[in-house]
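To be precise, the following lines are work.txt, and they hold compact mmCIF, C-alpha atoms.
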```txt
# COMPACT_ATOMS: atom_id res chain seq x y z
CA VAL M 3 -30.97 -7.98 49.35
CA PRO M 4 -30.23 -11.67 48.57
CA VAL M 5 -26.59 -12.65 49.00
CA SER M 6 -26.53 -14.01 45.45
CA ILE M 7 -27.28 -10.52 44.10
CA TRP M 8 -24.16 -9.13 45.78
CA PHE M 9 -22.01 -11.72 44.03
CA VAL M 10 -23.77 -10.95 40.74
CA LEU M 11 -23.01 -7.24 41.17
CA LEU M 12 -19.36 -7.98 41.98
CA SER M 13 -19.01 -10.16 38.89
CA ILE M 14 -20.61 -7.43 36.76
CA PHE M 15 -18.18 -4.86 38.18
CA LEU M 16 -15.11 -7.00 37.44
CA GLY M 17 -16.41 -7.76 33.95
CA LYS M 18 -16.83 -4.06 33.26
CA VAL M 19 -13.24 -3.35 34.34
CA CYS M 20 -12.28 -5.75 31.55
CA ALA M 21 -14.65 -3.94 29.14
CA GLY M 22 -13.23 -0.55 30.16
CA ALA M 23 -9.71 -1.74 29.42
CA ALA M 24 -10.84 -3.13 26.07
CA SER M 25 -12.52 0.16 25.13
CA VAL M 26 -9.06 1.76 25.08
CA LEU M 27 -7.07 -1.25 23.95
CA PHE M 28 -9.03 -2.08 20.79
CA PRO M 29 -9.16 1.30 18.99
CA VAL M 30 -5.64 2.38 20.05
CA THR M 31 -4.09 -0.93 18.91
CA LEU M 32 -5.84 -0.66 15.54
CA LYS M 33 -4.72 2.96 15.14
CA GLN M 34 -1.12 2.15 16.06
CA ALA M 35 -1.02 -0.61 13.45
CA GLY M 36 -0.49 2.26 11.02
CA THR M 37 -2.27 0.62 8.10
CA MET M 38 -5.90 1.33 8.95
CA SER M 39 -8.05 4.40 8.31
CA ASN M 40 -10.59 5.61 10.85
CA SER M 41 -13.32 4.29 8.54
CA LEU M 42 -11.87 0.78 8.66
CA ILE M 43 -11.38 1.02 12.42
CA GLY M 44 -15.02 2.03 12.79
CA ALA M 45 -16.14 -0.87 10.62
CA ILE M 46 -14.07 -3.32 12.69
CA LEU M 47 -15.35 -1.96 16.01
CA SER M 48 -18.94 -2.20 14.74
CA ALA M 49 -18.59 -6.00 14.56
CA GLU M 50 -19.28 -6.08 18.31
CA GLY M 51 -22.65 -4.42 17.83
CA PHE M 52 -23.41 -6.54 14.77
CA SER M 53 -23.12 -9.74 16.82
CA ILE M 54 -25.54 -8.37 19.40
CA ILE M 55 -28.07 -7.49 16.71
CA ILE M 56 -27.91 -10.97 15.20
CA PHE M 57 -27.97 -13.04 18.37
CA SER M 58 -30.16 -10.95 20.72
CA PRO M 59 -33.43 -12.60 19.53
CA MET M 60 -31.87 -16.00 20.33
CA ILE M 61 -30.27 -15.01 23.61
CA GLY M 62 -33.21 -16.21 25.72
CA ALA M 63 -33.03 -19.69 24.18
CA ILE M 64 -29.25 -19.77 24.65
CA ILE M 65 -29.54 -18.84 28.33
CA GLY M 66 -32.36 -21.36 28.74
CA LYS M 67 -30.13 -24.11 27.37
CA LEU M 68 -26.88 -23.18 29.10
CA GLY M 69 -28.37 -21.78 32.30
CA VAL M 70 -27.31 -18.45 33.78
CA ILE M 71 -24.10 -19.75 35.32
CA GLY M 72 -23.23 -21.66 32.16
CA SER M 73 -23.91 -18.54 30.08
CA VAL M 74 -21.64 -16.40 32.25
CA LEU M 75 -18.90 -19.04 32.14
CA THR M 76 -19.19 -19.39 28.36
CA GLY M 77 -19.20 -15.62 27.84
CA SER M 78 -16.16 -15.02 30.07
CA LEU M 79 -14.13 -17.77 28.43
CA GLY M 80 -15.21 -16.47 25.02
CA ARG M 81 -13.75 -13.05 25.84
CA ILE M 82 -10.50 -14.62 27.00
CA ALA M 83 -10.31 -16.62 23.77
CA VAL M 84 -10.54 -13.32 21.84
CA PHE M 85 -7.86 -11.34 23.69
CA ILE M 86 -4.97 -13.79 23.28
CA PRO M 87 -5.02 -14.29 19.46
CA LEU M 88 -5.40 -10.55 18.78
CA ILE M 89 -1.96 -9.97 20.31
CA TYR M 90 -0.37 -11.48 17.25
CA THR M 91 -2.36 -10.15 14.30
CA ASP M 92 -3.30 -6.89 12.59
CA GLN M 93 -5.43 -8.55 9.92
CA PRO M 94 -8.82 -6.79 9.63
CA TRP M 95 -10.72 -10.05 9.10
CA ALA M 96 -9.24 -11.51 12.30
CA TRP M 97 -10.20 -8.42 14.27
CA ILE M 98 -13.74 -8.44 12.86
CA LEU M 99 -14.15 -12.09 13.87
CA GLY M 100 -12.61 -11.43 17.28
CA LEU M 101 -14.83 -8.45 18.09
CA PHE M 102 -17.88 -10.33 16.80
CA ILE M 103 -17.18 -13.10 19.33
CA TYR M 104 -16.34 -10.52 22.01
CA GLY M 105 -19.68 -8.76 21.49
CA LEU M 106 -21.63 -12.02 21.60
CA SER M 107 -19.83 -13.13 24.78
CA SER M 108 -20.36 -9.80 26.56
CA ASN M 109 -24.02 -9.68 25.53
CA LEU M 110 -24.59 -13.21 26.81
CA ILE M 111 -23.23 -12.25 30.23
CA GLY M 112 -25.02 -8.90 30.35
CA ILE M 113 -28.50 -10.17 29.45
CA ALA M 114 -28.25 -13.09 31.86
CA PHE M 115 -27.27 -10.92 34.82
CA GLN M 116 -29.52 -8.00 33.90
CA THR M 117 -32.60 -10.21 33.68
CA TRP M 118 -31.67 -12.02 36.90
CA ILE M 119 -31.59 -8.72 38.75
CA GLY M 120 -34.76 -7.42 37.05
CA SER M 121 -36.73 -10.56 37.89
CA SER M 122 -35.55 -10.92 41.50
CA ASN M 123 -37.97 -10.25 44.34
CA LEU M 124 -36.22 -7.17 45.73
CA ARG M 125 -39.30 -5.22 46.85
CA SER M 126 -38.26 -1.89 48.38
CA LYS M 127 -34.58 -2.61 47.66
CA ARG M 128 -34.98 -2.52 43.87
CA GLY M 129 -33.90 1.12 43.60
CA LEU M 130 -30.82 0.43 45.72
CA VAL M 131 -29.86 -2.62 43.66
CA MET M 132 -30.41 -0.80 40.36
CA GLY M 133 -28.25 2.07 41.60
CA LEU M 134 -25.50 -0.37 42.61
CA TYR M 135 -25.85 -2.14 39.27
CA LEU M 136 -25.45 1.04 37.21
CA GLY M 137 -22.81 2.43 39.56
CA GLY M 138 -20.79 -0.78 39.47
CA MET M 139 -20.84 -0.81 35.68
CA SER M 140 -19.71 2.81 35.44
CA LEU M 141 -16.99 2.36 38.07
CA GLY M 142 -15.71 -0.75 36.33
CA LEU M 143 -15.58 0.97 32.96
CA ALA M 144 -13.82 3.96 34.55
CA LEU M 145 -11.17 1.79 36.22
CA GLY M 146 -10.35 -0.18 33.07
CA PRO M 147 -8.14 2.51 31.47
CA VAL M 148 -6.56 3.25 34.86
CA VAL M 149 -5.61 -0.40 35.27
CA LEU M 150 -3.99 -0.41 31.83
CA ASN M 151 -1.96 2.72 32.65
CA PHE M 152 -1.00 1.40 36.09
CA PHE M 153 0.54 -1.72 34.60
CA GLY M 154 2.18 0.23 31.79
CA ALA M 155 0.13 -1.55 29.15
CA SER M 156 0.85 1.19 26.62
CA ALA M 157 4.55 0.27 26.67
CA ALA M 158 4.02 -3.20 25.25
CA ARG M 159 1.02 -4.30 23.24
CA GLU M 160 0.82 -7.82 24.65
CA PHE M 161 0.61 -6.57 28.25
CA GLY M 162 -2.73 -4.88 27.62
CA PHE M 163 -4.27 -7.98 26.10
CA TRP M 164 -3.01 -10.27 28.84
CA ILE M 165 -4.25 -7.89 31.52
CA SER M 166 -7.69 -7.78 29.86
CA ALA M 167 -7.80 -11.58 29.68
CA ILE M 168 -6.91 -11.85 33.37
CA LEU M 169 -9.60 -9.31 34.26
CA SER M 170 -12.17 -11.39 32.38
CA LEU M 171 -11.03 -14.45 34.30
CA THR M 172 -11.30 -12.70 37.69
CA SER M 173 -14.96 -11.85 36.95
CA LEU M 174 -15.66 -15.58 37.33
CA ILE M 175 -14.43 -15.68 40.94
CA PRO M 176 -17.73 -14.35 42.44
CA VAL M 177 -19.63 -16.83 40.25
CA ILE M 178 -18.03 -19.70 42.20
CA PHE M 179 -20.02 -18.62 45.27
CA ILE M 180 -23.36 -18.71 43.42
CA TRP M 181 -22.63 -21.81 41.36
CA ASN M 182 -25.66 -23.70 42.72
CA CYS M 183 -28.05 -20.75 42.77
CA LYS M 184 -31.00 -20.78 40.41
CA PRO M 185 -32.18 -17.38 39.15
CA PRO M 186 -35.92 -16.59 39.43
CA PHE M 187 -36.64 -16.55 35.71
CA LYS M 188 -36.95 -18.85 32.75
CA GLY M 189 -34.71 -17.97 29.84
CA GLY M 190 -36.14 -20.23 27.15
CA SER M 191 -38.99 -18.07 25.88
CA LYS M 192 -38.65 -16.13 22.65
CA PRO M 193 -38.25 -12.37 23.25
CA ARG M 194 -41.18 -10.29 21.96
CA ILE M 195 -39.05 -7.62 20.30
CA TRP M 196 -41.77 -6.08 18.13
CA PHE M 197 -44.24 -5.93 21.04
CA ILE M 198 -41.70 -4.12 23.21
CA CYS M 199 -40.73 -1.64 20.47
CA LYS M 200 -44.38 -0.90 19.66
CA ASN M 201 -45.43 -0.28 23.26
CA GLY M 202 -42.30 1.50 24.37
CA ARG M 203 -41.29 3.42 21.27
CA LYS M 204 -39.98 6.46 23.16
CA VAL M 205 -37.67 4.49 25.44
CA MET M 206 -36.55 2.22 22.60
CA PHE M 207 -35.69 5.15 20.34
CA GLY M 208 -33.87 6.69 23.29
CA SER M 209 -31.91 3.45 23.59
CA PHE M 210 -31.11 3.55 19.87
CA ILE M 211 -29.76 7.12 19.87
CA GLY M 212 -28.19 6.54 23.28
CA GLY M 213 -26.25 3.68 21.69
CA VAL M 214 -24.70 6.14 19.26
CA LEU M 215 -23.40 8.11 22.25
CA GLN M 216 -22.49 5.24 24.57
CA TRP M 217 -20.60 3.31 21.90
CA GLY M 218 -19.35 6.09 19.65
CA ILE M 219 -17.78 8.31 22.29
CA PRO M 220 -15.70 5.62 24.06
CA ALA M 221 -14.72 4.00 20.75
CA PHE M 222 -13.04 7.12 19.35
CA MET M 223 -12.42 9.45 22.30
CA THR M 224 -8.90 8.12 22.92
CA ILE M 225 -8.02 8.57 19.24
CA TYR M 226 -9.62 12.04 19.31
CA GLY M 227 -7.53 13.04 22.32
CA MET M 228 -4.33 11.76 20.74
CA ALA M 229 -5.13 13.69 17.53
CA ALA M 230 -5.42 16.82 19.70
CA GLY M 231 -1.88 16.32 21.02
CA MET M 232 -2.43 14.21 24.14
CA THR M 233 -0.29 11.19 24.97
CA GLN M 234 -1.98 7.79 24.96
CA GLU M 235 -2.04 7.75 28.77
CA GLU M 236 -3.62 11.22 28.96
CA ALA M 237 -6.18 10.37 26.26
CA ALA M 238 -7.11 7.13 28.03
CA ILE M 239 -7.99 9.09 31.18
CA LEU M 240 -10.62 10.93 29.11
CA LEU M 241 -12.61 7.70 29.18
CA THR M 242 -12.08 7.37 32.93
CA ALA M 243 -13.45 10.89 33.44
CA PHE M 244 -16.37 10.07 31.13
CA GLN M 245 -17.30 6.94 33.10
CA LEU M 246 -16.80 8.59 36.51
CA GLY M 247 -19.27 11.28 35.46
CA GLY M 248 -21.85 8.58 34.86
CA LEU M 249 -20.99 6.84 38.12
CA ILE M 250 -21.43 9.91 40.31
CA ALA M 251 -24.41 11.35 38.44
CA GLY M 252 -26.36 8.09 38.14
CA PRO M 253 -27.90 8.00 41.66
CA PHE M 254 -28.83 11.69 41.55
CA ILE M 255 -30.44 11.32 38.13
CA SER M 256 -32.43 8.27 39.30
CA ILE M 257 -33.65 10.15 42.38
CA GLY M 258 -34.39 13.29 40.37
CA SER M 259 -36.44 11.36 37.81
CA ASP M 260 -38.98 10.56 40.54
CA LYS M 261 -39.75 14.29 40.77
CA PHE M 262 -40.94 14.50 37.16
CA LYS M 263 -44.49 13.73 36.14
CA ASP M 264 -43.09 12.04 33.05
CA ARG M 265 -39.77 10.28 33.71
CA HIS M 266 -39.00 10.64 30.00
CA ASP M 267 -38.31 14.35 30.61
CA THR M 268 -35.04 13.38 32.32
CA VAL M 269 -33.96 11.63 29.12
CA ILE M 270 -34.68 14.75 27.06
CA ILE M 271 -32.80 17.01 29.48
CA SER M 272 -29.84 14.63 29.41
CA PHE M 273 -29.78 14.72 25.61
CA ILE M 274 -29.80 18.53 25.67
CA PHE M 275 -26.84 18.57 28.05
CA SER M 276 -25.02 16.01 25.90
CA LEU M 277 -25.58 18.18 22.83
CA LEU M 278 -23.96 21.14 24.59
CA CYS M 279 -21.01 18.97 25.62
CA SER M 280 -20.41 17.81 22.06
CA PHE M 281 -20.62 21.39 20.79
CA PHE M 282 -17.89 22.66 23.15
CA LEU M 283 -15.56 19.64 22.92
CA PRO M 284 -13.25 21.11 20.20
CA MET M 285 -12.49 24.03 22.52
CA SER M 286 -12.01 22.15 25.79
CA ILE M 287 -9.84 19.37 24.33
CA LYS M 288 -6.96 21.86 23.94
CA TYR M 289 -6.58 22.04 27.73
CA THR M 290 -6.07 18.67 29.40
CA LYS M 291 -7.56 19.42 32.83
CA ILE M 292 -10.54 21.25 31.35
CA ALA M 293 -11.07 18.34 28.96
CA TYR M 294 -11.25 15.91 31.90
CA ILE M 295 -13.91 18.04 33.58
CA HIS M 296 -15.74 18.32 30.27
CA LEU M 297 -15.76 14.53 29.77
CA PHE M 298 -16.90 14.06 33.38
CA LEU M 299 -19.95 16.24 32.69
CA TRP M 300 -20.56 14.56 29.34
CA GLY M 301 -20.47 11.14 31.01
CA ALA M 302 -23.10 12.35 33.47
CA ALA M 303 -25.34 13.43 30.60
CA VAL M 304 -25.00 10.13 28.73
CA GLN M 305 -25.63 8.22 31.96
CA GLY M 306 -28.81 10.26 32.34
CA VAL M 307 -30.00 8.93 28.99
CA TYR M 308 -29.20 5.35 29.94
CA SER M 309 -30.54 5.34 33.51
CA GLY M 310 -33.65 7.27 32.45
CA CYS M 311 -34.45 4.71 29.76
CA MET M 312 -33.70 1.80 32.11
CA SER M 313 -36.06 3.20 34.73
CA LEU M 314 -38.76 3.61 32.10
CA LEU M 315 -38.51 -0.10 31.27
CA GLY M 316 -39.56 -0.96 34.81
CA ASP M 317 -42.43 1.55 34.65
CA ILE M 318 -43.81 0.46 31.30
CA PHE M 319 -43.48 -3.33 31.17
CA ARG M 320 -44.66 -6.16 33.39
CA LYS M 321 -42.34 -8.52 35.25
CA GLU M 322 -42.92 -11.31 32.72
CA ASP M 323 -41.88 -8.96 29.90
CA GLN M 324 -38.58 -7.95 31.48
CA MET M 325 -36.56 -10.51 29.50
CA SER M 326 -38.05 -9.23 26.24
CA ALA M 327 -37.58 -5.62 27.34
CA SER M 328 -33.93 -6.22 28.26
CA VAL M 329 -33.20 -7.94 24.95
CA ALA M 330 -35.00 -5.26 22.89
CA PHE M 331 -33.27 -2.47 24.81
CA THR M 332 -29.86 -4.06 24.29
CA GLN M 333 -30.54 -4.78 20.61
CA LEU M 334 -31.68 -1.22 19.80
CA LYS M 335 -28.69 0.16 21.70
CA ALA M 336 -26.39 -2.11 19.66
CA VAL M 337 -27.98 -0.98 16.38
CA GLY M 338 -27.37 2.63 17.38
CA GLY M 339 -23.83 1.79 18.44
CA LEU M 340 -23.07 -0.01 15.17
CA ILE M 341 -24.33 2.90 13.09
CA GLY M 342 -22.65 5.47 15.35
CA VAL M 343 -19.22 3.84 15.41
CA THR M 344 -19.25 3.29 11.64
CA ALA M 345 -20.46 6.83 10.93
CA ILE M 346 -17.90 8.41 13.26
CA GLY M 347 -15.08 6.48 11.60
CA PHE M 348 -16.08 7.73 8.15
CA ALA M 349 -16.68 11.26 9.42
CA MET M 350 -13.24 11.44 11.05
CA ASP M 351 -11.65 10.41 7.74
CA PHE M 352 -13.54 12.94 5.66
CA ALA M 353 -13.91 15.82 8.14
CA SER M 354 -10.84 15.41 10.37
CA SER M 355 -11.15 14.40 14.02
CA GLU M 356 -14.11 16.77 14.46
CA GLY M 357 -16.20 14.26 12.52
CA MET M 358 -17.02 12.62 15.84
CA VAL M 359 -18.57 15.85 17.11
CA TYR M 360 -20.67 16.19 13.94
CA VAL M 361 -22.09 12.67 14.22
CA ILE M 362 -22.97 12.99 17.93
CA THR M 363 -24.61 16.38 17.31
CA ILE M 364 -26.69 15.11 14.40
CA ALA M 365 -27.80 12.05 16.39
CA SER M 366 -28.94 14.23 19.29
CA LEU M 367 -30.89 16.52 16.96
CA ILE M 368 -32.64 13.51 15.41
CA TYR M 369 -33.72 12.43 18.88
CA PHE M 370 -35.12 15.88 19.64
CA ALA M 371 -37.14 15.82 16.42
CA PHE M 372 -38.56 12.41 17.39
CA ALA M 373 -39.32 13.50 20.98
CA LEU M 374 -41.14 16.61 19.81
CA SER M 375 -43.22 14.57 17.36
CA GLN M 376 -44.27 12.23 20.18
CA TYR M 377 -45.34 15.08 22.42
CA HIS M 378 -47.34 16.53 19.50
CA ILE M 379 -49.13 13.22 18.99
CA GLU M 380 -49.97 12.74 22.63
```

Structure translated into structure tokens:
Amino acid sequence: VPVSIWFVLLSIFLGKVCAGAASVLFPVTLKQAGTMSNSLIGAILSAEGFSIIIFSPMIGAIIGKLGVIGSVLTGSLGRIAVFIPLIYTDQPWAWILGLFIYGLSSNLIGIAFQTWIGSSNLRSKRGLVMGLYLGGMSLGLALGPVVLNFFGASAAREFGFWISAILSLTSLIPVIFIWNCKPPFKGGSKPRIWFICKNGRKVMFGSFIGGVLQWGIPAFMTIYGMAAGMTQEEAAILLTAFQLGGLIAGPFISIGSDKFKDRHDTVIISFIFSLLCSFFLPMSIKYTKIAYIHLFLWGAAVQGVYSGCMSLLGDIFRKEDQMSASVAFTQLKAVGGLIGVTAIGFAMDFASSEGMVYVITIASLIYFAFALSQYHIE
């Protein structure tokens, strides 16, 4: 494995610790403002996905102009520039603008690194690197809430934002060691979004519905836990359990997918397990330790959706289409996330906190209907 890839993986890990902290910090801060409904919170949080939808088709040109290192530097500084001003305002328009910039910055970093890894000549080490990539992301997201609790970020609002800004800055440290490295891909070509969606409709629809789960659950799980009587610290650990489930299950799911004739079957099984987890959540959330185990298993199921779809990208598309595939995958996931976060916010206002369960259940059932139609056609 090239040394540069190790530094890329370390930077991704540190960046995801920042993202994990933000996944608790953003919704809880908005809720504690006391003037915002869940619907408005959902609309504000969806700004992150909206920025990805708008700028994903242009992301290749942006990376081509800035370069990979320049893109990572710009994205990291963009996230820092968002955290600091949000300490001092509860204005919805400011939060929408801030999360729009945050989403664009995070997407810029993610696509640059993801395509670098996908286009590298890793040969027999590709499975190992992909496992480390997914595992590092899950571990980083899991540690984010723990870092916030460790530093007592819930005691003072500004602490959480400063900690998140520092975490974003530390993700640049590994980049120093690969400053002069040139990734093995050209980022200036226009992504062929329609081509990818047409030829990989099953994996792209899986990414879309998976976005509802991967964005919707972390966005509102802390609020859901607090509504059930948990403290903020206890509810934040729900996200840690969720991400740890994905971290531990990821390698086993990737290995297990090789045993199936159609790797897409692992995605369907993961969706079934996720549906069961959403169904039993209202019962398990009453007992803190059981809820942590429940979220651990749910995280494993959602990771199965993500890793299964990611593996299918490598099976379906050629090396020269990996940039387009990465952009299309990210864009469809963001569309699902935008719709999911917004829908969950409205549902929690009109159907109590269980609205989140209803939205996740409906999304999973829609995927099953689609999957069955595809098997019927083929």

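Interatomic distance, CA of Trp164 (chain M) to CA of Pro147 (chain M): 14.0 Å.
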
Grab the CA of Phe370 (chain M) to CA of Phe273 (chain M) distance for me, in Å with one decimal place.
->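 About the pair CA of Phe370 (chain M) and CA of Phe273 (chain M): they are 8.1 Å apart.
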
Can you list, as a CSV table (one decimal) with C-alpha atoms, in the coordinates of the input, every protein, DNA or RNA residue that comes within 9 Å of region 328-337 of chain M when you count all atoms listed in the file, leaving out same-chain residues fewer than 5 positions away?
```csv
chain,number,residue,atom,x,y,z
M,48,SER,CA,-18.9,-2.2,14.7
M,50,GLU,CA,-19.3,-6.1,18.3
M,51,GLY,CA,-22.6,-4.4,17.8
M,52,PHE,CA,-23.4,-6.5,14.8
M,53,SER,CA,-23.1,-9.7,16.8
M,54,ILE,CA,-25.5,-8.4,19.4
M,55,ILE,CA,-28.1,-7.5,16.7
M,56,ILE,CA,-27.9,-11.0,15.2
M,57,PHE,CA,-28.0,-13.0,18.4
M,58,SER,CA,-30.2,-11.0,20.7
M,59,PRO,CA,-33.4,-12.6,19.5
M,61,ILE,CA,-30.3,-15.0,23.6
M,62,GLY,CA,-33.2,-16.2,25.7
M,109,ASN,CA,-24.0,-9.7,25.5
M,113,ILE,CA,-28.5,-10.2,29.4
M,116,GLN,CA,-29.5,-8.0,33.9
M,117,THR,CA,-32.6,-10.2,33.7
M,120,GLY,CA,-34.8,-7.4,37.0
M,193,PRO,CA,-38.2,-12.4,23.2
M,194,ARG,CA,-41.2,-10.3,22.0
M,195,ILE,CA,-39.0,-7.6,20.3
M,196,TRP,CA,-41.8,-6.1,18.1
M,198,ILE,CA,-41.7,-4.1,23.2
M,199,CYS,CA,-40.7,-1.6,20.5
M,205,VAL,CA,-37.7,4.5,25.4
M,206,MET,CA,-36.6,2.2,22.6
M,207,PHE,CA,-35.7,5.2,20.3
M,208,GLY,CA,-33.9,6.7,23.3
M,209,SER,CA,-31.9,3.4,23.6
M,210,PHE,CA,-31.1,3.6,19.9
M,211,ILE,CA,-29.8,7.1,19.9
M,212,GLY,CA,-28.2,6.5,23.3
M,213,GLY,CA,-26.2,3.7,21.7
M,214,VAL,CA,-24.7,6.1,19.3
M,216,GLN,CA,-22.5,5.2,24.6
M,217,TRP,CA,-20.6,3.3,21.9
M,311,CYS,CA,-34.4,4.7,29.8
M,312,MET,CA,-33.7,1.8,32.1
M,315,LEU,CA,-38.5,-0.1,31.3
M,323,ASP,CA,-41.9,-9.0,29.9
M,342,GLY,CA,-22.6,5.5,15.4
```

Please provide the set of residues having any atom within 7 Å of region 286-294 of chain M, restricted to all atoms listed in the file, with same-chain residues fewer than 5 positions apart removed, written as a ChimeraX atom specification.
-> /M:230,240,243

Counting all atoms listed in the file, find the residues whose atoms lie at most 8 Å from (-24.2, -12.8, 34.0) (file coordinates) and write them out as a ChimeraX atom specification.
-> /M:10,13-14,70-71,73-74,110-116

For Gly138 (chain M): contacts at 9 Å, all atoms listed in the file, fewer than 5 positions along chain excluded, given as a PDB file with C-alpha atoms, in the coordinates of the input:
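Just written: around.pdb:
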```
ATOM      1  CA  LEU M  11     -23.010  -7.240  41.170  1.00  0.00           C
ATOM      2  CA  LEU M  12     -19.360  -7.980  41.980  1.00  0.00           C
ATOM      3  CA  ILE M  14     -20.610  -7.430  36.760  1.00  0.00           C
ATOM      4  CA  PHE M  15     -18.180  -4.860  38.180  1.00  0.00           C
ATOM      5  CA  LEU M  16     -15.110  -7.000  37.440  1.00  0.00           C
ATOM      6  CA  LYS M  18     -16.830  -4.060  33.260  1.00  0.00           C
ATOM      7  CA  GLY M 133     -28.250   2.070  41.600  1.00  0.00           C
ATOM      8  CA  LEU M 143     -15.580   0.970  32.960  1.00  0.00           C
ATOM      9  CA  LEU M 249     -20.990   6.840  38.120  1.00  0.00           C
TER      10      LEU M 249
END
```

Best match for closeness to Gly202 (chain M) among M:Gly137, M:Ala327, M:Val359, M:Pro176, counting all atoms listed in the file =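 Between M:Gly137, M:Ala327, M:Val359, M:Pro176, the residue approaching Gly202 (chain M) most closely is M:Ala327.
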
Which residues come within 7 Å of Ala237 (chain M), counting all atoms listed in the file, excluding same-chain residues fewer than 6 positions away, as a ChimeraX atom specification?
-> /M:224,227-228

Store the residues of this selection in a file with C-alpha atoms, as a PDB file, keeping the file's coordinate frame.
```pdb
ATOM      1  CA  THR M 224      -8.900   8.120  22.920  1.00  0.00           C
ATOM      2  CA  GLY M 227      -7.530  13.040  22.320  1.00  0.00           C
ATOM      3  CA  MET M 228      -4.330  11.760  20.740  1.00  0.00           C
TER       4      MET M 228
END
```
